[in-house]
file upload.cif (mmCIF, C-alpha atoms)
data_data
#
loop_
_atom_site.group_PDB
_atom_site.id
_atom_site.type_symbol
_atom_site.label_atom_id
_atom_site.label_comp_id
_atom_site.auth_asym_id
_atom_site.auth_seq_id
_atom_site.Cartn_x
_atom_site.Cartn_y
_atom_site.Cartn_z
ATOM 1 C CA MET T 1 -17.538 3.100 -14.764
ATOM 2 C CA SER T 2 -15.648 2.200 -11.588
ATOM 3 C CA HIS T 3 -13.912 4.400 -9.050
ATOM 4 C CA PHE T 4 -10.376 3.225 -8.274
ATOM 5 C CA VAL T 5 -8.851 4.428 -4.999
ATOM 6 C CA LEU T 6 -5.094 3.863 -5.173
ATOM 7 C CA ILE T 7 -3.099 3.637 -1.933
ATOM 8 C CA HIS T 8 0.665 4.035 -2.065
ATOM 9 C CA GLY T 9 3.303 2.177 -0.072
ATOM 10 C CA ALA T 10 5.981 3.307 2.366
ATOM 11 C CA TRP T 11 7.979 6.448 1.516
ATOM 12 C CA HIS T 12 5.783 7.202 -1.502
ATOM 13 C CA GLY T 13 2.774 9.470 -2.008
ATOM 14 C CA GLY T 14 -0.199 9.725 -4.294
ATOM 15 C CA TRP T 15 2.137 11.058 -6.997
ATOM 16 C CA CYS T 16 3.467 7.554 -7.728
ATOM 17 C CA TRP T 17 0.141 6.497 -9.279
ATOM 18 C CA GLY T 18 0.031 9.218 -11.937
ATOM 19 C CA ARG T 19 0.911 7.036 -14.903
ATOM 20 C CA THR T 20 -1.350 4.148 -13.963
ATOM 21 C CA ALA T 21 -4.171 6.544 -13.111
ATOM 22 C CA GLY T 22 -3.915 7.881 -16.655
ATOM 23 C CA VAL T 23 -4.442 4.402 -18.091
ATOM 24 C CA LEU T 24 -7.533 3.836 -15.941
ATOM 25 C CA GLN T 25 -8.936 7.275 -16.693
ATOM 26 C CA ALA T 26 -8.437 6.778 -20.421
ATOM 27 C CA ALA T 27 -10.678 3.723 -20.118
ATOM 28 C CA GLY T 28 -13.418 5.884 -18.610
ATOM 29 C CA HIS T 29 -12.952 5.245 -14.904
ATOM 30 C CA ARG T 30 -12.659 7.642 -11.990
ATOM 31 C CA VAL T 31 -9.394 7.542 -10.026
ATOM 32 C CA THR T 32 -8.202 9.103 -6.793
ATOM 33 C CA ALA T 33 -4.811 8.547 -5.158
ATOM 34 C CA PRO T 34 -4.623 10.165 -1.725
ATOM 35 C CA THR T 35 -1.344 10.743 0.079
ATOM 36 C CA LEU T 36 -1.279 9.256 3.570
ATOM 37 C CA SER T 37 -0.492 11.425 6.591
ATOM 38 C CA GLY T 38 3.158 12.315 7.159
ATOM 39 C CA LEU T 39 4.369 11.443 3.670
ATOM 40 C CA SER T 40 5.256 13.261 0.442
ATOM 41 C CA GLU T 41 3.534 16.676 0.373
ATOM 42 C CA ARG T 42 2.238 15.895 3.893
ATOM 43 C CA ALA T 43 5.709 15.119 5.287
ATOM 44 C CA GLY T 44 5.590 18.199 7.493
ATOM 45 C CA GLN T 45 2.966 16.409 9.594
ATOM 46 C CA ALA T 46 5.299 13.544 10.495
ATOM 47 C CA SER T 47 5.345 12.812 14.214
ATOM 48 C CA ARG T 48 4.995 9.942 16.660
ATOM 49 C CA ARG T 49 1.235 10.566 16.626
ATOM 50 C CA ILE T 50 1.011 9.164 13.107
ATOM 51 C CA ASN T 51 0.587 5.417 13.232
ATOM 52 C CA LEU T 52 -1.169 2.658 11.311
ATOM 53 C CA SER T 53 -4.569 3.732 12.640
ATOM 54 C CA THR T 54 -3.941 7.217 11.250
ATOM 55 C CA HIS T 55 -3.490 5.790 7.776
ATOM 56 C CA VAL T 56 -6.536 3.550 8.100
ATOM 57 C CA ASP T 57 -8.536 6.640 9.061
ATOM 58 C CA ASP T 58 -7.070 8.523 6.076
ATOM 59 C CA ILE T 59 -8.399 5.878 3.702
ATOM 60 C CA VAL T 60 -11.783 5.496 5.390
ATOM 61 C CA ASP T 61 -12.339 9.263 5.412
ATOM 62 C CA HIS T 62 -11.275 9.574 1.787
ATOM 63 C CA VAL T 63 -13.629 6.854 0.558
ATOM 64 C CA ARG T 64 -16.551 8.132 2.621
ATOM 65 C CA GLY T 65 -15.988 11.564 1.146
ATOM 66 C CA LEU T 66 -16.471 10.262 -2.383
ATOM 67 C CA GLY T 67 -20.197 9.659 -2.047
ATOM 68 C CA ASP T 68 -22.149 6.444 -2.036
ATOM 69 C CA GLU T 69 -20.645 4.607 -5.005
ATOM 70 C CA PRO T 70 -18.673 1.407 -4.269
ATOM 71 C CA VAL T 71 -14.958 1.601 -5.020
ATOM 72 C CA THR T 72 -12.098 -0.655 -5.999
ATOM 73 C CA LEU T 73 -9.469 -0.126 -3.308
ATOM 74 C CA VAL T 74 -5.884 -0.913 -4.332
ATOM 75 C CA GLY T 75 -3.120 -1.078 -1.715
ATOM 76 C CA HIS T 76 0.535 -1.314 -2.714
ATOM 77 C CA SER T 77 3.323 -2.754 -0.530
ATOM 78 C CA TYR T 78 2.989 -1.274 3.002
ATOM 79 C CA GLY T 79 -0.375 0.063 1.834
ATOM 80 C CA GLY T 80 -1.755 -3.459 2.075
ATOM 81 C CA PHE T 81 -1.953 -3.105 5.846
ATOM 82 C CA PRO T 82 -4.065 0.064 6.075
ATOM 83 C CA ALA T 83 -6.037 -0.758 2.919
ATOM 84 C CA THR T 84 -7.107 -4.163 4.250
ATOM 85 C CA ALA T 85 -8.146 -2.713 7.602
ATOM 86 C CA ALA T 86 -9.984 0.147 5.895
ATOM 87 C CA ALA T 87 -11.810 -2.248 3.571
ATOM 88 C CA ARG T 88 -13.157 -4.145 6.583
ATOM 89 C CA ARG T 89 -14.416 -0.912 8.180
ATOM 90 C CA LEU T 90 -15.931 0.373 4.964
ATOM 91 C CA GLY T 91 -17.861 -2.817 4.280
ATOM 92 C CA GLU T 92 -19.950 -2.683 1.106
ATOM 93 C CA ARG T 93 -18.411 0.666 0.167
ATOM 94 C CA VAL T 94 -15.428 -1.385 -1.072
ATOM 95 C CA ALA T 95 -16.634 -3.702 -3.814
ATOM 96 C CA HIS T 96 -13.151 -5.032 -4.555
ATOM 97 C CA LEU T 97 -9.955 -4.999 -2.492
ATOM 98 C CA VAL T 98 -6.766 -5.419 -4.513
ATOM 99 C CA LEU T 99 -3.353 -5.885 -2.905
ATOM 100 C CA LEU T 100 -0.513 -5.067 -5.294
ATOM 101 C CA ASP T 101 2.735 -6.784 -4.262
ATOM 102 C CA ALA T 102 1.606 -5.900 -0.758
ATOM 103 C CA PHE T 103 1.852 -7.112 2.797
ATOM 104 C CA MET T 104 -1.325 -9.004 3.659
ATOM 105 C CA PRO T 105 -2.009 -8.650 7.387
ATOM 106 C CA VAL T 106 -3.591 -10.960 9.905
ATOM 107 C CA GLU T 107 -5.185 -9.734 13.106
ATOM 108 C CA GLY T 108 -2.725 -8.319 15.632
ATOM 109 C CA GLU T 109 0.329 -8.315 13.355
ATOM 110 C CA ILE T 110 2.716 -5.423 13.008
ATOM 111 C CA LEU T 111 4.274 -4.788 9.633
ATOM 112 C CA LEU T 112 7.730 -5.574 10.996
ATOM 113 C CA ASP T 113 6.610 -9.126 11.777
ATOM 114 C CA HIS T 114 7.359 -9.585 8.072
ATOM 115 C CA ALA T 115 10.920 -8.276 8.635
ATOM 116 C CA PRO T 116 11.732 -9.230 12.243
ATOM 117 C CA ALA T 117 15.437 -8.439 11.952
ATOM 118 C CA LEU T 118 14.496 -4.738 11.703
ATOM 119 C CA ILE T 119 12.402 -4.585 14.871
ATOM 120 C CA ALA T 120 15.237 -3.972 17.332
ATOM 121 C CA PRO T 121 17.292 -1.459 15.277
ATOM 122 C CA TYR T 122 14.219 0.556 14.262
ATOM 123 C CA ARG T 123 12.942 0.681 17.839
ATOM 124 C CA GLN T 124 16.356 1.722 19.137
ATOM 125 C CA ALA T 125 16.693 4.459 16.530
ATOM 126 C CA ALA T 126 13.217 5.789 17.273
ATOM 127 C CA ASP T 127 13.769 5.758 21.039
ATOM 128 C CA ALA T 128 17.083 7.565 20.673
ATOM 129 C CA ASP T 129 15.742 10.386 18.490
ATOM 130 C CA GLU T 130 12.157 11.654 18.632
ATOM 131 C CA ALA T 131 12.565 13.130 15.137
ATOM 132 C CA TRP T 132 13.736 9.866 13.566
ATOM 133 C CA ASN T 133 11.527 8.124 11.043
ATOM 134 C CA ILE T 134 12.334 5.278 8.672
ATOM 135 C CA PRO T 135 14.520 6.630 5.852
ATOM 136 C CA PRO T 136 13.637 5.668 2.284
ATOM 137 C CA ILE T 137 15.685 3.155 0.371
ATOM 138 C CA PRO T 138 16.826 3.922 -3.194
ATOM 139 C CA SER T 139 14.163 3.516 -5.844
ATOM 140 C CA ALA T 140 16.410 1.103 -7.740
ATOM 141 C CA ALA T 141 15.491 -1.452 -5.067
ATOM 142 C CA PHE T 142 11.865 -1.156 -6.211
ATOM 143 C CA GLY T 143 12.809 -1.884 -9.819
ATOM 144 C CA VAL T 144 12.506 1.726 -10.987
ATOM 145 C CA GLY T 145 14.412 2.212 -14.239
ATOM 146 C CA LEU T 146 17.470 4.419 -14.583
ATOM 147 C CA GLU T 147 15.470 7.043 -16.462
ATOM 148 C CA ASP T 148 13.153 7.547 -13.471
ATOM 149 C CA GLN T 149 15.388 6.951 -10.469
ATOM 150 C CA ALA T 150 16.450 10.565 -9.879
ATOM 151 C CA TRP T 151 12.819 11.738 -10.064
ATOM 152 C CA VAL T 152 11.507 9.043 -7.753
ATOM 153 C CA ASP T 153 14.354 9.318 -5.236
ATOM 154 C CA ALA T 154 13.688 13.062 -4.959
ATOM 155 C CA GLN T 155 10.031 12.369 -4.115
ATOM 156 C CA LEU T 156 10.547 9.708 -1.425
ATOM 157 C CA THR T 157 10.191 10.830 2.194
ATOM 158 C CA PRO T 158 10.731 9.069 5.547
ATOM 159 C CA GLN T 159 8.015 6.691 6.712
ATOM 160 C CA PRO T 160 6.445 7.523 10.109
ATOM 161 C CA VAL T 161 7.987 4.845 12.284
ATOM 162 C CA GLU T 162 4.934 4.027 14.384
ATOM 163 C CA THR T 163 3.099 2.849 11.253
ATOM 164 C CA TYR T 164 5.408 -0.173 11.340
ATOM 165 C CA PHE T 165 4.908 -0.904 15.048
ATOM 166 C CA GLU T 166 1.183 -0.565 15.701
ATOM 167 C CA PRO T 167 -0.715 -3.899 15.567
ATOM 168 C CA VAL T 168 -3.380 -4.055 12.909
ATOM 169 C CA HIS T 169 -7.041 -4.481 13.845
ATOM 170 C CA LEU T 170 -9.055 -5.955 11.017
ATOM 171 C CA GLY T 171 -12.536 -6.750 12.246
ATOM 172 C CA GLU T 172 -14.839 -9.176 10.475
ATOM 173 C CA ALA T 173 -14.489 -10.094 6.819
ATOM 174 C CA VAL T 174 -17.105 -8.493 4.567
ATOM 175 C CA ALA T 175 -19.466 -10.885 2.816
ATOM 176 C CA GLY T 176 -19.412 -10.428 -0.934
ATOM 177 C CA GLN T 177 -16.303 -8.212 -1.000
ATOM 178 C CA ARG T 178 -14.025 -9.379 -3.810
ATOM 179 C CA GLN T 179 -10.341 -9.789 -2.947
ATOM 180 C CA THR T 180 -7.438 -10.084 -5.384
ATOM 181 C CA TYR T 181 -3.690 -10.283 -4.825
ATOM 182 C CA ILE T 182 -1.382 -9.155 -7.661
ATOM 183 C CA ARG T 183 2.192 -10.380 -7.367
ATOM 184 C CA CYS T 184 4.965 -8.563 -9.263
ATOM 185 C CA VAL T 185 7.231 -11.463 -10.162
ATOM 186 C CA GLN T 186 10.323 -9.376 -10.975
ATOM 187 C CA ALA T 187 10.457 -8.195 -7.341
ATOM 188 C CA PRO T 188 12.334 -10.077 -4.606
ATOM 189 C CA GLY T 189 9.965 -12.290 -2.688
ATOM 190 C CA ASP T 190 11.503 -12.792 0.756
ATOM 191 C CA LEU T 191 9.597 -10.071 2.623
ATOM 192 C CA LEU T 192 6.347 -10.903 0.862
ATOM 193 C CA ALA T 193 6.613 -14.682 1.168
ATOM 194 C CA ALA T 194 4.055 -14.974 3.960
ATOM 195 C CA SER T 195 1.632 -12.633 2.191
ATOM 196 C CA VAL T 196 1.886 -14.490 -1.107
ATOM 197 C CA GLN T 197 1.360 -17.800 0.646
ATOM 198 C CA ARG T 198 -1.734 -16.445 2.395
ATOM 199 C CA ALA T 199 -3.199 -15.176 -0.860
ATOM 200 C CA ARG T 200 -2.491 -18.377 -2.772
ATOM 201 C CA SER T 201 -3.880 -20.673 -0.085
ATOM 202 C CA ASP T 202 -7.029 -18.730 0.855
ATOM 203 C CA PRO T 203 -10.012 -19.521 -1.409
ATOM 204 C CA ALA T 204 -11.471 -16.098 -0.583
ATOM 205 C CA TRP T 205 -8.648 -14.513 -2.614
ATOM 206 C CA SER T 206 -7.909 -14.541 -6.335
ATOM 207 C CA TYR T 207 -4.216 -14.591 -7.190
ATOM 208 C CA VAL T 208 -2.660 -12.963 -10.289
ATOM 209 C CA GLU T 209 0.970 -12.523 -11.385
ATOM 210 C CA ILE T 210 2.367 -9.805 -13.622
ATOM 211 C CA ASP T 211 5.846 -9.581 -15.132
ATOM 212 C CA ALA T 212 6.910 -6.350 -13.471
ATOM 213 C CA PRO T 213 9.058 -5.084 -10.573
ATOM 214 C CA HIS T 214 7.720 -3.889 -7.241
ATOM 215 C CA ASP T 215 6.920 -0.304 -8.298
ATOM 216 C CA ALA T 216 4.886 -1.485 -11.260
ATOM 217 C CA MET T 217 2.714 1.632 -11.140
ATOM 218 C CA ILE T 218 5.778 3.626 -12.223
ATOM 219 C CA SER T 219 7.706 1.151 -14.372
ATOM 220 C CA HIS T 220 4.830 -0.749 -16.038
ATOM 221 C CA PRO T 221 1.732 1.471 -15.879
ATOM 222 C CA GLY T 222 0.233 0.014 -19.054
ATOM 223 C CA LEU T 223 0.540 -3.574 -17.878
ATOM 224 C CA LEU T 224 -0.712 -2.767 -14.398
ATOM 225 C CA GLY T 225 -3.552 -0.634 -15.705
ATOM 226 C CA ARG T 226 -4.720 -3.362 -18.072
ATOM 227 C CA THR T 227 -4.521 -5.932 -15.280
ATOM 228 C CA LEU T 228 -6.692 -3.780 -13.014
ATOM 229 C CA LEU T 229 -9.162 -3.268 -15.835
ATOM 230 C CA ASP T 230 -9.302 -6.990 -16.569
ATOM 231 C CA LEU T 231 -10.150 -7.679 -12.925
#

call {"tool": "encode", "arguments": {"input": "upload.cif", "output": "structure tokens"}}
result
Amino acid sequence: MSHFVLIHGAWHGGWCWGRTAGVLQAAGHRVTAPTLSGLSERAGQASRRINLSTHVDDIVDHVRGLGDEPVTLVGHSYGGFPATAAARRLGERVAHLVLLDAFMPVEGEILLDHAPALIAPYRQAADADEAWNIPPIPSAAFGVGLEDQAWVDAQLTPQPVETYFEPVHLGEAVAGQRQTYIRCVQAPGDLLAASVQRARSDPAWSYVEIDAPHDAMISHPGLLGRTLLDL
């Protein structure tokens, strides 16, 4: 039995993992999918005080609260940034770090270094309105099918803007910690090009592709669940 800790991406919440969690649980594994501060059912907390470090702390605190068993930590999309930093802090508590179609950070990066054209307009919007956070984009852009788009769109909430602007601090790599990158090949690759290249060129990472869109946990839970189990 393994314990999978599933970390959502921008605008989402722990709810997005429900289908995939069911696949993993049916195979006998434990699963938790926390919602990060300021998002989904925690959207009322959103403020400028919530940044990338807040989300790293969310993950570290969650894993430490589970007991002593090692976990498989899965970070999706934006979640790759806080999940990678948390995995470094947690050390041997994370047996396996999995990035699912995620941004793979290097020391000192901000997430918007992967989308530099958005740096100026996002900063201007945030400076002009203290209440402004990054609005969600339609779920169709994540490859969510027509049958689920209304449900998913209703769940998405603005992303705390400072999570995209705070530089990531990674610390030392953890000896013996497995690392796998899963690329969803139906998703556009421009924003993830640097991350995919890092994963494919670094011998410390295994690289896997699945035939699914970006929100594979919603659209292809069976395929994603089996892939995680095979790892």

call {"tool": "atom_distance", "arguments": {"input": "upload.cif", "atom1": "atom CA of T:Gly14", "atom2": "atom CA of T:Leu73"}}
result
13.6 Å

call {"tool": "resolve_selection", "arguments": {"input": "upload.cif", "expression": "the PyMOL selection byres ((chain T and resi 176) around 10)", "output": "list in words"}}
result
Gly91, Glu92, Val94, Ala95, His96, Ala173, Val174, Ala175, Gln177, Arg178, Gln179 and Ala204 of chain T

call {"tool": "atom_distance", "arguments": {"input": "upload.cif", "atom1": "atom CA of T:Gly67", "atom2": "atom CA of T:Arg93"}}
result
9.4 Å

call {"tool": "atom_distance", "arguments": {"input": "upload.cif", "atom1": "atom CA of T:His76", "atom2": "atom CA of T:Ala102"}}
result
5.1 Å

call {"tool": "residues_around", "arguments": {"input": "upload.cif", "residues": "T:His220", "least_positions_apart": "3", "cutoff": "10 Å", "atoms": "all atoms listed in the file", "output": "MDAnalysis selection string"}}
result
chainID T and resid 19:20 144 210:217 223:225

call {"tool": "closest_atom_pairs", "arguments": {"input": "upload.cif", "of": "stretch 102-138 of chain T", "to": "stretch 192-203 of chain T", "cutoff": "10 Å", "atoms": "all atoms listed in the file", "output": "tab-separated table"}}
result
residue	atom	partner	partner_atom	distance
T:Ala102	CA	T:Leu192	CA	7.1
T:Phe103	CA	T:Ser195	CA	5.6
T:Met104	CA	T:Ser195	CA	4.9
T:Pro105	CA	T:Ser195	CA	7.5
T:Val106	CA	T:Ser195	CA	9.5
T:His114	CA	T:Leu192	CA	7.4
T:Ala115	CA	T:Leu192	CA	9.4

call {"tool": "resolve_selection", "arguments": {"input": "upload.cif", "expression": "the PyMOL selection byres ((chain T and resi 30) around 9)", "output": "PyMOL selection string"}}
result
chain T and resi 1-5+21+24-25+28-29+31-32

call {"tool": "closest_residue", "arguments": {"input": "upload.cif", "among": "T:Pro160, T:Trp151, T:Gly222, T:Ala117", "to": "T:Pro135", "atoms": "only C-alpha atoms"}}
result
T:Pro160

call {"tool": "closest_residue", "arguments": {"input": "upload.cif", "among": "T:Asn133, T:Thr72, T:Thr180, T:Asn51", "to": "T:Thr157", "atoms": "all atoms listed in the file"}}
result
T:Asn133

call {"tool": "resolve_selection", "arguments": {"input": "upload.cif", "expression": "the PyMOL selection byres ((chain T and resi 158) around 10)", "output": "PyMOL selection string"}}
result
chain T and resi 10-12+38-40+43+46+132-137+156-157+159-161

call {"tool": "closest_residue", "arguments": {"input": "upload.cif", "among": "T:Asp190, T:Glu172, T:Glu166, T:Glu69", "to": "T:Ile110", "atoms": "all atoms listed in the file"}}
result
T:Glu166

call {"tool": "residues_around", "arguments": {"input": "upload.cif", "residues": "T:Gly171", "least_positions_apart": "5", "cutoff": "12 Å", "atoms": "only C-alpha atoms", "output": "ChimeraX atom specification"}}
result
/T:84-91,105-108

call {"tool": "build_atoms", "arguments": {"input": "upload.cif", "residues": "stretch 203-226 of chain T", "atoms": "N, CA, C and O atoms", "output": "PDB file, in the coordinates of the input"}}
result
ATOM      1  N   PRO T 203      -9.050 -19.516  -0.297  1.00  0.00           N
ATOM      2  CA  PRO T 203     -10.012 -19.521  -1.409  1.00  0.00           C
ATOM      3  C   PRO T 203     -10.806 -18.227  -1.530  1.00  0.00           C
ATOM      4  O   PRO T 203     -11.445 -17.992  -2.569  1.00  0.00           O
ATOM      5  N   ALA T 204     -10.767 -17.374  -0.505  1.00  0.00           N
ATOM      6  CA  ALA T 204     -11.471 -16.098  -0.583  1.00  0.00           C
ATOM      7  C   ALA T 204     -10.718 -15.084  -1.444  1.00  0.00           C
ATOM      8  O   ALA T 204     -11.260 -14.014  -1.764  1.00  0.00           O
ATOM      9  N   TRP T 205      -9.483 -15.421  -1.822  1.00  0.00           N
ATOM     10  CA  TRP T 205      -8.648 -14.513  -2.614  1.00  0.00           C
ATOM     11  C   TRP T 205      -8.392 -15.087  -3.998  1.00  0.00           C
ATOM     12  O   TRP T 205      -8.130 -16.286  -4.147  1.00  0.00           O
ATOM     13  N   SER T 206      -8.428 -14.209  -5.015  1.00  0.00           N
ATOM     14  CA  SER T 206      -7.909 -14.541  -6.335  1.00  0.00           C
ATOM     15  C   SER T 206      -6.443 -14.119  -6.376  1.00  0.00           C
ATOM     16  O   SER T 206      -6.051 -13.131  -5.735  1.00  0.00           O
ATOM     17  N   TYR T 207      -5.658 -14.861  -7.130  1.00  0.00           N
ATOM     18  CA  TYR T 207      -4.216 -14.591  -7.190  1.00  0.00           C
ATOM     19  C   TYR T 207      -3.801 -14.419  -8.639  1.00  0.00           C
ATOM     20  O   TYR T 207      -4.120 -15.257  -9.495  1.00  0.00           O
ATOM     21  N   VAL T 208      -3.079 -13.303  -8.934  1.00  0.00           N
ATOM     22  CA  VAL T 208      -2.660 -12.963 -10.289  1.00  0.00           C
ATOM     23  C   VAL T 208      -1.189 -12.581 -10.243  1.00  0.00           C
ATOM     24  O   VAL T 208      -0.730 -11.953  -9.276  1.00  0.00           O
ATOM     25  N   GLU T 209      -0.429 -12.940 -11.271  1.00  0.00           N
ATOM     26  CA  GLU T 209       0.970 -12.523 -11.385  1.00  0.00           C
ATOM     27  C   GLU T 209       1.145 -11.650 -12.622  1.00  0.00           C
ATOM     28  O   GLU T 209       0.521 -11.896 -13.658  1.00  0.00           O
ATOM     29  N   ILE T 210       1.990 -10.625 -12.478  1.00  0.00           N
ATOM     30  CA  ILE T 210       2.367  -9.805 -13.622  1.00  0.00           C
ATOM     31  C   ILE T 210       3.887  -9.734 -13.691  1.00  0.00           C
ATOM     32  O   ILE T 210       4.570  -9.784 -12.671  1.00  0.00           O
ATOM     33  N   ASP T 211       4.402  -9.610 -14.900  1.00  0.00           N
ATOM     34  CA  ASP T 211       5.846  -9.581 -15.132  1.00  0.00           C
ATOM     35  C   ASP T 211       6.340  -8.148 -14.998  1.00  0.00           C
ATOM     36  O   ASP T 211       6.520  -7.423 -15.983  1.00  0.00           O
ATOM     37  N   ALA T 212       6.528  -7.724 -13.764  1.00  0.00           N
ATOM     38  CA  ALA T 212       6.910  -6.350 -13.471  1.00  0.00           C
ATOM     39  C   ALA T 212       7.637  -6.318 -12.141  1.00  0.00           C
ATOM     40  O   ALA T 212       7.499  -7.224 -11.322  1.00  0.00           O
ATOM     41  N   PRO T 213       8.412  -5.251 -11.887  1.00  0.00           N
ATOM     42  CA  PRO T 213       9.058  -5.084 -10.573  1.00  0.00           C
ATOM     43  C   PRO T 213       8.079  -4.495  -9.559  1.00  0.00           C
ATOM     44  O   PRO T 213       6.904  -4.247  -9.869  1.00  0.00           O
ATOM     45  N   HIS T 214       8.576  -4.261  -8.360  1.00  0.00           N
ATOM     46  CA  HIS T 214       7.720  -3.889  -7.241  1.00  0.00           C
ATOM     47  C   HIS T 214       6.941  -2.595  -7.501  1.00  0.00           C
ATOM     48  O   HIS T 214       5.744  -2.526  -7.225  1.00  0.00           O
ATOM     49  N   ASP T 215       7.607  -1.569  -7.999  1.00  0.00           N
ATOM     50  CA  ASP T 215       6.920  -0.304  -8.298  1.00  0.00           C
ATOM     51  C   ASP T 215       6.339  -0.333  -9.706  1.00  0.00           C
ATOM     52  O   ASP T 215       6.632   0.513 -10.555  1.00  0.00           O
ATOM     53  N   ALA T 216       5.466  -1.295  -9.927  1.00  0.00           N
ATOM     54  CA  ALA T 216       4.886  -1.485 -11.260  1.00  0.00           C
ATOM     55  C   ALA T 216       4.079  -0.274 -11.703  1.00  0.00           C
ATOM     56  O   ALA T 216       3.959  -0.008 -12.902  1.00  0.00           O
ATOM     57  N   MET T 217       3.516   0.466 -10.760  1.00  0.00           N
ATOM     58  CA  MET T 217       2.714   1.632 -11.140  1.00  0.00           C
ATOM     59  C   MET T 217       3.548   2.699 -11.827  1.00  0.00           C
ATOM     60  O   MET T 217       3.033   3.516 -12.596  1.00  0.00           O
ATOM     61  N   ILE T 218       4.863   2.686 -11.579  1.00  0.00           N
ATOM     62  CA  ILE T 218       5.778   3.626 -12.223  1.00  0.00           C
ATOM     63  C   ILE T 218       6.429   2.996 -13.447  1.00  0.00           C
ATOM     64  O   ILE T 218       6.473   3.599 -14.516  1.00  0.00           O
ATOM     65  N   SER T 219       6.917   1.775 -13.305  1.00  0.00           N
ATOM     66  CA  SER T 219       7.706   1.151 -14.372  1.00  0.00           C
ATOM     67  C   SER T 219       6.859   0.503 -15.460  1.00  0.00           C
ATOM     68  O   SER T 219       7.257   0.466 -16.621  1.00  0.00           O
ATOM     69  N   HIS T 220       5.679  -0.017 -15.087  1.00  0.00           N
ATOM     70  CA  HIS T 220       4.830  -0.749 -16.038  1.00  0.00           C
ATOM     71  C   HIS T 220       3.374  -0.298 -15.902  1.00  0.00           C
ATOM     72  O   HIS T 220       2.477  -1.102 -15.633  1.00  0.00           O
ATOM     73  N   PRO T 221       3.107   0.989 -16.092  1.00  0.00           N
ATOM     74  CA  PRO T 221       1.732   1.471 -15.879  1.00  0.00           C
ATOM     75  C   PRO T 221       0.723   0.867 -16.853  1.00  0.00           C
ATOM     76  O   PRO T 221      -0.439   0.642 -16.480  1.00  0.00           O
ATOM     77  N   GLY T 222       1.154   0.603 -18.089  1.00  0.00           N
ATOM     78  CA  GLY T 222       0.233   0.014 -19.054  1.00  0.00           C
ATOM     79  C   GLY T 222      -0.172  -1.391 -18.656  1.00  0.00           C
ATOM     80  O   GLY T 222      -1.361  -1.738 -18.659  1.00  0.00           O
ATOM     81  N   LEU T 223       0.821  -2.208 -18.300  1.00  0.00           N
ATOM     82  CA  LEU T 223       0.540  -3.574 -17.878  1.00  0.00           C
ATOM     83  C   LEU T 223      -0.309  -3.591 -16.619  1.00  0.00           C
ATOM     84  O   LEU T 223      -1.301  -4.335 -16.531  1.00  0.00           O
ATOM     85  N   LEU T 224       0.048  -2.790 -15.633  1.00  0.00           N
ATOM     86  CA  LEU T 224      -0.712  -2.767 -14.398  1.00  0.00           C
ATOM     87  C   LEU T 224      -2.127  -2.241 -14.635  1.00  0.00           C
ATOM     88  O   LEU T 224      -3.103  -2.801 -14.131  1.00  0.00           O
ATOM     89  N   GLY T 225      -2.232  -1.186 -15.422  1.00  0.00           N
ATOM     90  CA  GLY T 225      -3.552  -0.634 -15.705  1.00  0.00           C
ATOM     91  C   GLY T 225      -4.456  -1.635 -16.394  1.00  0.00           C
ATOM     92  O   GLY T 225      -5.619  -1.801 -16.022  1.00  0.00           O
ATOM     93  N   ARG T 226      -3.915  -2.344 -17.378  1.00  0.00           N
ATOM     94  CA  ARG T 226      -4.720  -3.362 -18.072  1.00  0.00           C
ATOM     95  C   ARG T 226      -5.113  -4.487 -17.133  1.00  0.00           C
ATOM     96  O   ARG T 226      -6.228  -5.023 -17.220  1.00  0.00           O
TER      97      ARG T 226
END
